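Coordinates from coords25.csv are shown below (CSV, C-alpha atoms).
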```csv
chain,number,residue,atom,x,y,z
A,484,MET,CA,16.3,-9.6,-0.8
A,485,GLN,CA,18.2,-6.4,-1.5
A,486,PHE,CA,18.6,-3.5,0.9
A,487,PHE,CA,19.1,0.3,0.6
A,488,SER,CA,19.3,3.2,3.1
A,489,SER,CA,16.4,5.7,3.2
A,490,GLN,CA,18.0,8.5,5.2
A,491,GLY,CA,19.6,6.0,7.5
A,492,VAL,CA,16.7,3.5,7.7
A,493,ARG,CA,17.6,0.1,6.3
A,494,LEU,CA,14.8,-1.1,4.0
A,495,ALA,CA,14.4,-4.4,2.1
A,496,TYR,CA,13.1,-4.8,-1.4
A,497,ILE,CA,12.9,-7.1,-4.4
A,498,ASP,CA,13.5,-6.2,-8.0
A,499,VAL,CA,12.1,-8.7,-10.4
A,500,PRO,CA,12.6,-8.4,-14.2
A,501,PRO,CA,9.8,-9.0,-16.7
A,502,GLU,CA,9.6,-12.4,-18.3
A,503,SER,CA,10.4,-10.7,-21.6
A,504,GLY,CA,11.4,-7.2,-22.8
A,505,SER,CA,12.7,-4.3,-20.8
A,506,GLY,CA,9.4,-3.6,-19.0
A,507,ASP,CA,8.0,-0.4,-17.4
A,508,PRO,CA,8.8,-0.4,-13.6
A,509,VAL,CA,5.9,-1.0,-11.2
A,510,LEU,CA,6.5,-0.3,-7.5
A,511,LEU,CA,4.3,-2.3,-5.1
A,512,VAL,CA,3.5,-1.0,-1.6
A,513,HIS,CA,2.0,-3.4,0.9
A,514,GLY,CA,-0.5,-2.8,3.7
A,515,PHE,CA,-0.3,-2.6,7.5
A,516,ALA,CA,1.2,-5.7,9.3
A,517,SER,CA,1.9,-7.3,6.0
A,518,ASN,CA,5.1,-7.5,3.9
A,519,HIS,CA,6.1,-7.7,0.3
A,520,ALA,CA,5.8,-11.5,0.2
A,521,VAL,CA,2.4,-11.8,1.9
A,522,ASN,CA,0.8,-8.9,0.0
A,523,TRP,CA,2.4,-9.4,-3.5
A,524,VAL,CA,4.3,-12.6,-3.9
A,525,ASN,CA,1.9,-15.1,-2.3
A,526,THR,CA,-1.1,-13.5,-4.0
A,527,LEU,CA,0.7,-13.9,-7.4
A,528,TRP,CA,0.8,-10.2,-8.2
A,529,VAL,CA,4.5,-10.4,-8.9
A,530,THR,CA,4.0,-13.3,-11.3
A,531,THR,CA,1.0,-11.6,-13.0
A,532,LEU,CA,2.8,-8.4,-13.6
A,533,THR,CA,6.1,-9.9,-14.7
A,534,ARG,CA,4.3,-12.2,-17.2
A,535,ALA,CA,2.5,-9.1,-18.5
A,536,GLY,CA,5.9,-7.5,-19.2
A,537,TYR,CA,6.5,-5.3,-16.2
A,538,ARG,CA,9.5,-4.9,-14.0
A,539,VAL,CA,8.3,-5.4,-10.5
A,540,ILE,CA,9.8,-3.7,-7.4
A,541,ALA,CA,8.3,-4.4,-4.0
A,542,LEU,CA,9.6,-3.2,-0.7
A,543,ASP,CA,9.0,-4.1,3.0
A,544,ASN,CA,7.8,-0.8,4.5
A,545,ARG,CA,9.7,0.5,7.5
A,546,GLY,CA,8.8,-1.5,10.6
A,547,HIS,CA,7.7,-4.5,8.5
A,548,GLY,CA,9.2,-7.7,7.1
A,549,GLN,CA,12.9,-7.6,6.8
A,550,SER,CA,13.2,-3.8,7.0
A,551,GLN,CA,14.4,-1.9,10.0
A,552,LYS,CA,12.0,-1.7,13.0
A,553,LEU,CA,11.4,1.8,14.5
A,554,TYR,CA,9.4,2.5,17.6
A,555,ARG,CA,8.4,6.2,17.5
A,556,PRO,CA,5.0,7.0,15.8
A,557,GLU,CA,6.5,10.0,14.1
A,558,ASP,CA,8.8,7.7,12.1
A,559,TYR,CA,5.7,6.3,10.3
A,560,ASP,CA,4.1,9.5,9.1
A,561,SER,CA,2.6,8.9,5.7
A,562,SER,CA,4.8,11.7,4.1
A,563,VAL,CA,7.9,10.1,5.6
A,564,MET,CA,7.0,6.7,4.2
A,565,ALA,CA,6.3,8.3,0.9
A,566,GLY,CA,9.8,9.6,1.0
A,567,ASP,CA,11.0,6.0,1.3
A,568,LEU,CA,9.4,5.3,-2.1
A,569,ARG,CA,11.0,8.3,-3.6
A,570,ARG,CA,14.4,7.3,-2.3
A,571,LEU,CA,14.0,3.7,-3.5
A,572,LEU,CA,13.3,5.1,-7.0
A,573,ASP,CA,16.4,7.3,-6.7
A,574,HIS,CA,18.5,4.2,-5.5
A,575,LEU,CA,17.4,2.3,-8.6
A,576,ASP,CA,18.0,5.4,-10.9
A,577,LEU,CA,14.3,5.4,-11.9
A,578,GLU,CA,12.8,8.7,-12.8
A,579,ARG,CA,9.2,7.4,-12.3
A,580,ALA,CA,7.2,4.3,-11.9
A,581,ASP,CA,3.6,3.0,-11.8
A,582,LEU,CA,2.7,2.7,-8.1
A,583,ILE,CA,0.3,0.1,-6.7
A,584,GLY,CA,-0.5,0.4,-3.0
A,585,TYR,CA,-2.9,-1.6,-0.9
A,586,SER,CA,-4.6,-0.2,2.3
A,587,MET,CA,-1.9,1.6,4.2
A,588,GLY,CA,0.3,1.2,1.1
A,589,ALA,CA,-2.3,3.1,-0.9
A,590,ARG,CA,-2.3,5.9,1.6
A,591,ILE,CA,1.5,6.2,1.2
A,592,VAL,CA,1.2,6.1,-2.6
A,593,ALA,CA,-1.4,8.9,-2.5
A,594,HIS,CA,0.9,11.0,-0.4
A,595,LEU,CA,3.7,10.4,-2.9
A,596,ALA,CA,1.5,11.4,-5.8
A,597,LEU,CA,0.6,14.6,-3.9
A,598,LEU,CA,4.1,15.5,-2.8
A,599,SER,CA,6.2,14.2,-5.8
A,600,PRO,CA,3.8,13.8,-8.8
A,601,ALA,CA,6.6,13.6,-11.3
A,602,ARG,CA,7.7,10.3,-9.8
A,603,ALA,CA,4.3,8.6,-10.5
A,604,ARG,CA,3.4,7.5,-14.0
A,605,SER,CA,0.1,6.3,-12.6
A,606,ILE,CA,-1.2,5.1,-9.2
A,607,VAL,CA,-3.5,2.4,-8.0
A,608,LEU,CA,-5.2,2.9,-4.7
A,609,GLY,CA,-6.3,-0.6,-3.6
A,610,GLY,CA,-8.3,-1.1,-0.4
A,611,LEU,CA,-8.6,2.6,0.2
A,612,GLY,CA,-11.6,4.7,-0.8
A,613,ILE,CA,-13.1,7.9,0.6
A,614,ARG,CA,-11.5,7.3,4.0
A,615,LEU,CA,-8.4,8.7,2.5
A,616,VAL,CA,-10.2,12.0,3.0
A,617,HIS,CA,-12.9,11.3,5.7
A,618,GLY,CA,-11.4,9.1,8.4
A,619,VAL,CA,-8.3,7.0,8.4
A,620,GLY,CA,-9.4,3.4,7.9
A,621,LEU,CA,-8.1,1.1,10.6
A,622,PRO,CA,-9.2,2.1,14.2
A,623,ILE,CA,-6.6,3.3,16.6
A,624,GLY,CA,-7.6,0.3,18.8
A,625,ILE,CA,-5.5,-1.9,16.5
A,626,ALA,CA,-2.4,-0.4,18.3
A,627,ASP,CA,-3.8,-1.5,21.6
A,628,ALA,CA,-4.3,-5.0,20.1
A,629,MET,CA,-0.6,-5.1,19.2
A,630,GLU,CA,0.3,-4.3,22.8
A,631,ALA,CA,-2.1,-6.7,24.5
A,632,PRO,CA,-0.4,-9.5,26.4
A,633,SER,CA,-1.8,-12.1,24.1
A,634,LEU,CA,-4.5,-12.8,21.5
A,635,ASP,CA,-6.6,-14.4,24.2
A,636,ASP,CA,-6.9,-11.1,26.0
A,637,LEU,CA,-8.8,-9.5,23.0
A,638,THR,CA,-12.5,-9.8,22.4
A,639,ASP,CA,-13.1,-7.2,19.6
A,640,PRO,CA,-13.3,-9.1,16.2
A,641,MET,CA,-11.2,-6.6,14.3
A,642,GLN,CA,-8.6,-6.3,17.0
A,643,ARG,CA,-8.3,-10.1,17.1
A,644,MET,CA,-8.1,-10.3,13.3
A,645,PHE,CA,-5.2,-7.9,13.1
A,646,ARG,CA,-3.3,-9.3,16.1
A,647,ALA,CA,-3.7,-12.8,14.6
A,648,PHE,CA,-2.5,-11.6,11.2
A,649,ALA,CA,0.5,-9.9,12.8
A,650,GLU,CA,1.5,-13.0,14.7
A,651,GLN,CA,1.1,-15.1,11.5
A,652,THR,CA,3.5,-12.8,9.6
A,653,ARG,CA,5.9,-12.9,12.6
A,654,SER,CA,5.8,-9.1,12.8
A,655,ASP,CA,7.3,-6.9,15.5
A,656,LEU,CA,4.2,-6.0,17.5
A,657,LYS,CA,5.8,-2.9,19.1
A,658,ALA,CA,6.8,-1.5,15.8
A,659,LEU,CA,3.3,-2.1,14.4
A,660,ALA,CA,1.7,-0.3,17.3
A,661,ALA,CA,3.9,2.8,16.6
A,662,CYS,CA,3.1,2.5,12.9
A,663,ILE,CA,-0.7,2.5,13.3
A,664,ARG,CA,-0.4,5.5,15.6
A,665,GLY,CA,1.9,7.4,13.3
A,666,SER,CA,0.5,6.7,9.8
A,667,ARG,CA,-3.0,8.0,10.1
A,668,GLN,CA,-2.8,11.2,7.9
A,669,THR,CA,-5.7,12.0,5.7
A,670,LEU,CA,-5.8,14.3,2.6
A,671,THR,CA,-8.1,17.2,2.2
A,672,GLU,CA,-10.6,17.2,-0.7
A,673,GLU,CA,-8.5,20.1,-2.2
A,674,GLU,CA,-5.4,17.9,-2.0
A,675,VAL,CA,-7.1,14.9,-3.6
A,676,VAL,CA,-8.4,17.1,-6.4
A,677,SER,CA,-4.9,18.3,-7.1
A,678,ILE,CA,-3.7,14.7,-7.8
A,679,ARG,CA,-3.8,14.6,-11.6
A,680,VAL,CA,-1.8,11.5,-12.4
A,681,PRO,CA,-3.9,8.6,-13.9
A,682,THR,CA,-5.5,6.8,-10.9
A,683,LEU,CA,-7.4,3.6,-10.4
A,684,VAL,CA,-9.3,3.2,-7.1
A,685,ALA,CA,-9.9,-0.5,-6.5
A,686,VAL,CA,-12.1,-1.5,-3.5
A,687,GLY,CA,-14.1,-4.6,-2.6
A,688,THR,CA,-17.8,-4.3,-2.5
A,689,LYS,CA,-17.8,-5.8,1.0
A,690,ASP,CA,-14.9,-3.8,2.3
A,691,ASP,CA,-15.9,-2.1,5.5
A,692,VAL,CA,-12.5,-0.5,6.1
A,693,ALA,CA,-11.7,1.5,3.0
A,694,GLY,CA,-14.8,3.6,2.5
A,695,SER,CA,-16.4,4.1,-0.9
A,696,GLY,CA,-14.1,3.7,-3.9
A,697,PRO,CA,-16.4,5.5,-6.3
A,698,ALA,CA,-16.8,8.4,-3.9
A,699,LEU,CA,-13.0,8.9,-3.9
A,700,ALA,CA,-12.6,8.5,-7.6
A,701,GLN,CA,-15.3,11.1,-8.3
A,702,LEU,CA,-13.2,13.7,-6.4
A,703,MET,CA,-10.1,13.1,-8.5
A,704,PRO,CA,-9.8,14.7,-12.0
A,705,ASN,CA,-8.1,11.7,-13.7
A,706,ALA,CA,-9.4,8.7,-11.7
A,707,ARG,CA,-11.8,5.8,-12.2
A,708,SER,CA,-13.2,3.2,-9.9
A,709,LEU,CA,-12.9,-0.5,-9.9
A,710,GLU,CA,-15.3,-2.4,-7.7
A,711,ILE,CA,-14.2,-5.9,-6.7
A,712,PRO,CA,-17.5,-7.9,-6.4
A,713,GLY,CA,-18.1,-9.8,-3.1
A,714,ARG,CA,-14.7,-9.2,-1.6
A,715,ASP,CA,-13.9,-7.7,1.8
A,716,HIS,CA,-10.7,-5.8,2.8
A,717,ASN,CA,-8.6,-8.9,3.1
A,718,LEU,CA,-9.9,-11.0,0.2
A,719,ALA,CA,-9.9,-8.2,-2.4
A,720,VAL,CA,-6.1,-8.1,-2.5
A,721,GLY,CA,-5.5,-11.1,-4.7
A,722,ASP,CA,-8.8,-11.3,-6.5
A,723,LYS,CA,-8.7,-11.9,-10.2
A,724,VAL,CA,-11.0,-9.0,-11.0
A,725,HIS,CA,-8.5,-6.8,-9.1
A,726,LYS,CA,-5.6,-8.1,-11.2
A,727,GLN,CA,-7.4,-7.9,-14.5
A,728,GLY,CA,-8.6,-4.4,-13.8
A,729,VAL,CA,-5.1,-3.2,-12.9
A,730,LEU,CA,-3.6,-4.8,-16.0
A,731,ALA,CA,-6.2,-3.1,-18.2
A,732,PHE,CA,-5.6,0.2,-16.5
A,733,LEU,CA,-1.8,0.0,-16.9
A,734,ALA,CA,-2.2,-0.9,-20.6
A,735,GLU,CA,-4.4,2.1,-21.2
A,736,ARG,CA,-2.6,4.8,-19.2
A,737,PRO,CA,-0.3,7.2,-21.2
```

Mind turning this structure into structure tokens?
Amino acid sequence: MQFFSSQGVRLAYIDVPPESGSGDPVLLVHGFASNHAVNWVNTLWVTTLTRAGYRVIALDNRGHGQSQKLYRPEDYDSSVMAGDLRRLLDHLDLERADLIGYSMGARIVAHLALLSPARARSIVLGGLGIRLVHGVGLPIGIADAMEAPSLDDLTDPMQRMFRAFAEQTRSDLKALAACIRGSRQTLTEEEVVSIRVPTLVAVGTKDDVAGSGPALAQLMPNARSLEIPGRDHNLAVGDKVHKQGVLAFLAERP
């Protein structure tokens, strides 16, 4: 792992060269309660992209993995976390990169494309559809699940799922509670329409968290939808249709 300072917040990242050639940079942004390894290494995304000739950069978002833990919800505003991506690119002397986000990571990527479009060669919004605009995806009760005394105290299936996942990834539960409370910003339809970078919206057909991928893609002037057959929010991440669709998208974008 390597580390850099994003306005005083210590963030961890990996920077993996392509198997051959110089390679366009691709920045990977993981989802809530995950980390770069769980979201991108273990699912073979890093291997897939480096074999295809890309330089792969993946960070642990603030409050996650080996990055610094923060406990105020305002420290996790989506625009603040988008600033972390911009400062990582600055740290690496990269003018722009292709950005691939999943779930919360896709929300962060969308905010970067809105606020700093010159830094995004293209974006992939994985596990996030129309709820980027209408609703925020994960219910606020997930924060309560992180603060429950134990998993046994929870009965709601989604709360139990996320608490168990957070424990599996050995996450800081207090930091995650602050994150879910602070990172719930939506974009207006007008803001989404103004995002003109090449965009792929990739959502599983059984995903009940993301909202419709095609509905979001239809709002965006330079976007297309990739539906991942038979996959829910968790299983769509590493699906081969997801990877193949992203590789085709990257190969075709300007």

Close residues, His574 of chain A itself excluded, 12 Å, all atoms listed in the file, min 6 positions apart in chain, as a VMD selection string: chain A and resid 485 to 490 494 496 498 540 567 to 568

Given the selection you just returned, output its residues as a file containing C-alpha atoms, formatted as an mmCIF file, in the coordinates of the input.
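File written: out-v4.cif
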```
data_model
loop_
_atom_site.group_PDB
_atom_site.id
_atom_site.type_symbol
_atom_site.label_atom_id
_atom_site.label_comp_id
_atom_site.auth_asym_id
_atom_site.auth_seq_id
_atom_site.Cartn_x
_atom_site.Cartn_y
_atom_site.Cartn_z
ATOM 1 C CA GLN A 485 18.200 -6.400 -1.500
ATOM 2 C CA PHE A 486 18.600 -3.500 0.900
ATOM 3 C CA PHE A 487 19.100 0.300 0.600
ATOM 4 C CA SER A 488 19.300 3.200 3.100
ATOM 5 C CA SER A 489 16.400 5.700 3.200
ATOM 6 C CA GLN A 490 18.000 8.500 5.200
ATOM 7 C CA LEU A 494 14.800 -1.100 4.000
ATOM 8 C CA TYR A 496 13.100 -4.800 -1.400
ATOM 9 C CA ASP A 498 13.500 -6.200 -8.000
ATOM 10 C CA ILE A 540 9.800 -3.700 -7.400
ATOM 11 C CA ASP A 567 11.000 6.000 1.300
ATOM 12 C CA LEU A 568 9.400 5.300 -2.100
#
```

Can I get the residues of segment 637-732 of chain A within 10 Å of segment 509-525 of chain A, each with the closest pair of atoms and their distance in Å to one decimal, using all atoms listed in the file, sorted chain first then ascending number, as JSON lines?
```
{"residue": "A:Phe645", "atom": "CA", "partner": "A:Ala516", "partner_atom": "CA", "distance": 7.8}
{"residue": "A:Arg646", "atom": "CA", "partner": "A:Ala516", "partner_atom": "CA", "distance": 8.9}
{"residue": "A:Phe648", "atom": "CA", "partner": "A:Ala516", "partner_atom": "CA", "distance": 7.2}
{"residue": "A:Ala649", "atom": "CA", "partner": "A:Ala516", "partner_atom": "CA", "distance": 5.5}
{"residue": "A:Glu650", "atom": "CA", "partner": "A:Ala516", "partner_atom": "CA", "distance": 9.1}
{"residue": "A:Gln651", "atom": "CA", "partner": "A:Ser517", "partner_atom": "CA", "distance": 9.6}
{"residue": "A:Thr652", "atom": "CA", "partner": "A:Ser517", "partner_atom": "CA", "distance": 6.8}
{"residue": "A:Arg653", "atom": "CA", "partner": "A:Ala516", "partner_atom": "CA", "distance": 9.2}
{"residue": "A:Ser654", "atom": "CA", "partner": "A:Ala516", "partner_atom": "CA", "distance": 6.7}
{"residue": "A:Asp655", "atom": "CA", "partner": "A:Ala516", "partner_atom": "CA", "distance": 8.8}
{"residue": "A:Leu656", "atom": "CA", "partner": "A:Ala516", "partner_atom": "CA", "distance": 8.7}
{"residue": "A:Ala658", "atom": "CA", "partner": "A:Ala516", "partner_atom": "CA", "distance": 9.6}
{"residue": "A:Leu659", "atom": "CA", "partner": "A:Ala516", "partner_atom": "CA", "distance": 6.6}
{"residue": "A:Ala660", "atom": "CA", "partner": "A:Ala516", "partner_atom": "CA", "distance": 9.7}
{"residue": "A:Cys662", "atom": "CA", "partner": "A:Phe515", "partner_atom": "CA", "distance": 8.2}
{"residue": "A:Ile663", "atom": "CA", "partner": "A:Phe515", "partner_atom": "CA", "distance": 7.7}
{"residue": "A:Ser666", "atom": "CA", "partner": "A:Phe515", "partner_atom": "CA", "distance": 9.6}
{"residue": "A:Asn717", "atom": "CA", "partner": "A:Asn522", "partner_atom": "CA", "distance": 9.9}
{"residue": "A:Val720", "atom": "CA", "partner": "A:Asn522", "partner_atom": "CA", "distance": 7.4}
{"residue": "A:Gly721", "atom": "CA", "partner": "A:Asn522", "partner_atom": "CA", "distance": 8.2}
```

Once you have the residues from the selection above, write them out as a JSON list (two decimals), in the frame of the given file, restricted to C-alpha atoms.
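Full text of out13.json as output:
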```
[["chain", "number", "residue", "atom", "x", "y", "z"],
["A", 645, "PHE", "CA", -5.20, -7.90, 13.10],
["A", 646, "ARG", "CA", -3.30, -9.30, 16.10],
["A", 648, "PHE", "CA", -2.50, -11.60, 11.20],
["A", 649, "ALA", "CA", 0.50, -9.90, 12.80],
["A", 650, "GLU", "CA", 1.50, -13.00, 14.70],
["A", 651, "GLN", "CA", 1.10, -15.10, 11.50],
["A", 652, "THR", "CA", 3.50, -12.80, 9.60],
["A", 653, "ARG", "CA", 5.90, -12.90, 12.60],
["A", 654, "SER", "CA", 5.80, -9.10, 12.80],
["A", 655, "ASP", "CA", 7.30, -6.90, 15.50],
["A", 656, "LEU", "CA", 4.20, -6.00, 17.50],
["A", 658, "ALA", "CA", 6.80, -1.50, 15.80],
["A", 659, "LEU", "CA", 3.30, -2.10, 14.40],
["A", 660, "ALA", "CA", 1.70, -0.30, 17.30],
["A", 662, "CYS", "CA", 3.10, 2.50, 12.90],
["A", 663, "ILE", "CA", -0.70, 2.50, 13.30],
["A", 666, "SER", "CA", 0.50, 6.70, 9.80],
["A", 717, "ASN", "CA", -8.60, -8.90, 3.10],
["A", 720, "VAL", "CA", -6.10, -8.10, -2.50],
["A", 721, "GLY", "CA", -5.50, -11.10, -4.70]]
```

One-decimal distance in Å that lies between atom CA of Gly506 of chain A and atom CA of Arg590 of chain A: 25.5 Å

Pairwise distance for atom CA of Val607 of chain A and atom CA of Arg493 of chain A, rounded to one decimal in Å: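 Computed distance, atom CA of Val607 of chain A to atom CA of Arg493 of chain A, equals 25.6 Å.
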
A:Ala589, A:Met644, A:Ala628, A:Ala698 ranked by distance to Thr669 of chain A, top pick (using all atoms listed in the file):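 Of all the options, A:Ala589 lies closest to Thr669 of chain A.
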
Counting all atoms listed in the file, the residue of A:Asp715, A:Glu672, A:Glu502, A:Glu735 that sits nearest Gly609 of chain A: A:Asp715

Between atom CA of Arg602 of chain A and atom CA of Leu572 of chain A - distance in Å to one decimal: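 A separation of 8.1 Å between them.
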
Among the residues A:Ser599, A:Ala719, A:Gly694, A:Met629, the one that comes closest to Ala661 of chain A [using only C-alpha atoms]: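 Result for the nearest residue to Ala661 of chain A: A:Met629.
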
Have segment 683-711 of chain A completed to N, CA and C atoms, please, and pass it along as a PDB file, in the frame of the given file.
```pdb
ATOM      1  N   LEU A 683      -6.388   4.638 -10.480  1.00  0.00           N
ATOM      2  CA  LEU A 683      -7.400   3.600 -10.400  1.00  0.00           C
ATOM      3  C   LEU A 683      -7.666   3.382  -8.877  1.00  0.00           C
ATOM      4  N   VAL A 684      -8.928   3.481  -8.463  1.00  0.00           N
ATOM      5  CA  VAL A 684      -9.300   3.200  -7.100  1.00  0.00           C
ATOM      6  C   VAL A 684     -10.024   1.870  -7.047  1.00  0.00           C
ATOM      7  N   ALA A 685      -9.397   0.871  -6.414  1.00  0.00           N
ATOM      8  CA  ALA A 685      -9.900  -0.500  -6.500  1.00  0.00           C
ATOM      9  C   ALA A 685     -10.282  -0.973  -5.054  1.00  0.00           C
ATOM     10  N   VAL A 686     -11.578  -1.155  -4.824  1.00  0.00           N
ATOM     11  CA  VAL A 686     -12.100  -1.500  -3.500  1.00  0.00           C
ATOM     12  C   VAL A 686     -13.123  -2.600  -3.595  1.00  0.00           C
ATOM     13  N   GLY A 687     -13.064  -3.566  -2.679  1.00  0.00           N
ATOM     14  CA  GLY A 687     -14.100  -4.600  -2.600  1.00  0.00           C
ATOM     15  C   GLY A 687     -15.428  -4.116  -2.244  1.00  0.00           C
ATOM     16  N   THR A 688     -16.458  -4.713  -2.801  1.00  0.00           N
ATOM     17  CA  THR A 688     -17.800  -4.300  -2.500  1.00  0.00           C
ATOM     18  C   THR A 688     -18.238  -4.571  -1.061  1.00  0.00           C
ATOM     19  N   LYS A 689     -17.521  -5.470  -0.393  1.00  0.00           N
ATOM     20  CA  LYS A 689     -17.800  -5.800   1.000  1.00  0.00           C
ATOM     21  C   LYS A 689     -16.746  -5.261   1.958  1.00  0.00           C
ATOM     22  N   ASP A 690     -15.931  -4.340   1.476  1.00  0.00           N
ATOM     23  CA  ASP A 690     -14.900  -3.800   2.300  1.00  0.00           C
ATOM     24  C   ASP A 690     -15.454  -2.719   3.241  1.00  0.00           C
ATOM     25  N   ASP A 691     -15.378  -2.991   4.549  1.00  0.00           N
ATOM     26  CA  ASP A 691     -15.900  -2.100   5.500  1.00  0.00           C
ATOM     27  C   ASP A 691     -14.815  -1.229   6.186  1.00  0.00           C
ATOM     28  N   VAL A 692     -13.609  -1.266   5.622  1.00  0.00           N
ATOM     29  CA  VAL A 692     -12.500  -0.500   6.100  1.00  0.00           C
ATOM     30  C   VAL A 692     -12.161   0.691   5.247  1.00  0.00           C
ATOM     31  N   ALA A 693     -12.237   0.490   3.926  1.00  0.00           N
ATOM     32  CA  ALA A 693     -11.700   1.500   3.000  1.00  0.00           C
ATOM     33  C   ALA A 693     -12.609   2.694   2.778  1.00  0.00           C
ATOM     34  N   GLY A 694     -13.916   2.538   2.947  1.00  0.00           N
ATOM     35  CA  GLY A 694     -14.800   3.600   2.500  1.00  0.00           C
ATOM     36  C   GLY A 694     -15.085   3.446   1.012  1.00  0.00           C
ATOM     37  N   SER A 695     -15.992   4.225   0.500  1.00  0.00           N
ATOM     38  CA  SER A 695     -16.400   4.100  -0.900  1.00  0.00           C
ATOM     39  C   SER A 695     -15.306   4.418  -1.886  1.00  0.00           C
ATOM     40  N   GLY A 696     -15.035   3.457  -2.774  1.00  0.00           N
ATOM     41  CA  GLY A 696     -14.100   3.700  -3.900  1.00  0.00           C
ATOM     42  C   GLY A 696     -14.617   4.693  -4.880  1.00  0.00           C
ATOM     43  N   PRO A 697     -15.853   4.509  -5.366  1.00  0.00           N
ATOM     44  CA  PRO A 697     -16.400   5.500  -6.300  1.00  0.00           C
ATOM     45  C   PRO A 697     -16.425   6.899  -5.801  1.00  0.00           C
ATOM     46  N   ALA A 698     -16.706   7.079  -4.515  1.00  0.00           N
ATOM     47  CA  ALA A 698     -16.800   8.400  -3.900  1.00  0.00           C
ATOM     48  C   ALA A 698     -15.393   9.114  -4.019  1.00  0.00           C
ATOM     49  N   LEU A 699     -14.334   8.348  -3.765  1.00  0.00           N
ATOM     50  CA  LEU A 699     -13.000   8.900  -3.900  1.00  0.00           C
ATOM     51  C   LEU A 699     -12.649   9.221  -5.330  1.00  0.00           C
ATOM     52  N   ALA A 700     -12.944   8.274  -6.209  1.00  0.00           N
ATOM     53  CA  ALA A 700     -12.600   8.500  -7.600  1.00  0.00           C
ATOM     54  C   ALA A 700     -13.330   9.679  -8.210  1.00  0.00           C
ATOM     55  N   GLN A 701     -14.545   9.938  -7.748  1.00  0.00           N
ATOM     56  CA  GLN A 701     -15.300  11.100  -8.300  1.00  0.00           C
ATOM     57  C   GLN A 701     -14.651  12.418  -7.907  1.00  0.00           C
ATOM     58  N   LEU A 702     -13.897  12.446  -6.810  1.00  0.00           N
ATOM     59  CA  LEU A 702     -13.200  13.700  -6.400  1.00  0.00           C
ATOM     60  C   LEU A 702     -11.994  13.969  -7.263  1.00  0.00           C
ATOM     61  N   MET A 703     -11.421  12.942  -7.857  1.00  0.00           N
ATOM     62  CA  MET A 703     -10.100  13.100  -8.500  1.00  0.00           C
ATOM     63  C   MET A 703     -10.315  13.321 -10.005  1.00  0.00           C
ATOM     64  N   PRO A 704      -9.555  14.237 -10.586  1.00  0.00           N
ATOM     65  CA  PRO A 704      -9.800  14.700 -12.000  1.00  0.00           C
ATOM     66  C   PRO A 704      -9.411  13.614 -13.018  1.00  0.00           C
ATOM     67  N   ASN A 705      -8.574  12.642 -12.659  1.00  0.00           N
ATOM     68  CA  ASN A 705      -8.100  11.700 -13.700  1.00  0.00           C
ATOM     69  C   ASN A 705      -8.155  10.267 -13.078  1.00  0.00           C
ATOM     70  N   ALA A 706      -9.276   9.955 -12.418  1.00  0.00           N
ATOM     71  CA  ALA A 706      -9.400   8.700 -11.700  1.00  0.00           C
ATOM     72  C   ALA A 706     -10.651   7.923 -12.190  1.00  0.00           C
ATOM     73  N   ARG A 707     -10.585   6.622 -12.019  1.00  0.00           N
ATOM     74  CA  ARG A 707     -11.800   5.800 -12.200  1.00  0.00           C
ATOM     75  C   ARG A 707     -11.810   4.731 -11.141  1.00  0.00           C
ATOM     76  N   SER A 708     -12.988   4.187 -10.943  1.00  0.00           N
ATOM     77  CA  SER A 708     -13.200   3.200  -9.900  1.00  0.00           C
ATOM     78  C   SER A 708     -13.301   1.811 -10.416  1.00  0.00           C
ATOM     79  N   LEU A 709     -12.726   0.875  -9.661  1.00  0.00           N
ATOM     80  CA  LEU A 709     -12.900  -0.500  -9.900  1.00  0.00           C
ATOM     81  C   LEU A 709     -13.469  -1.183  -8.681  1.00  0.00           C
ATOM     82  N   GLU A 710     -14.695  -1.675  -8.796  1.00  0.00           N
ATOM     83  CA  GLU A 710     -15.300  -2.400  -7.700  1.00  0.00           C
ATOM     84  C   GLU A 710     -15.057  -3.868  -7.822  1.00  0.00           C
ATOM     85  N   ILE A 711     -14.597  -4.486  -6.743  1.00  0.00           N
ATOM     86  CA  ILE A 711     -14.200  -5.900  -6.700  1.00  0.00           C
ATOM     87  C   ILE A 711     -15.379  -6.662  -6.086  1.00  0.00           C
TER      88      ILE A 711
END
```
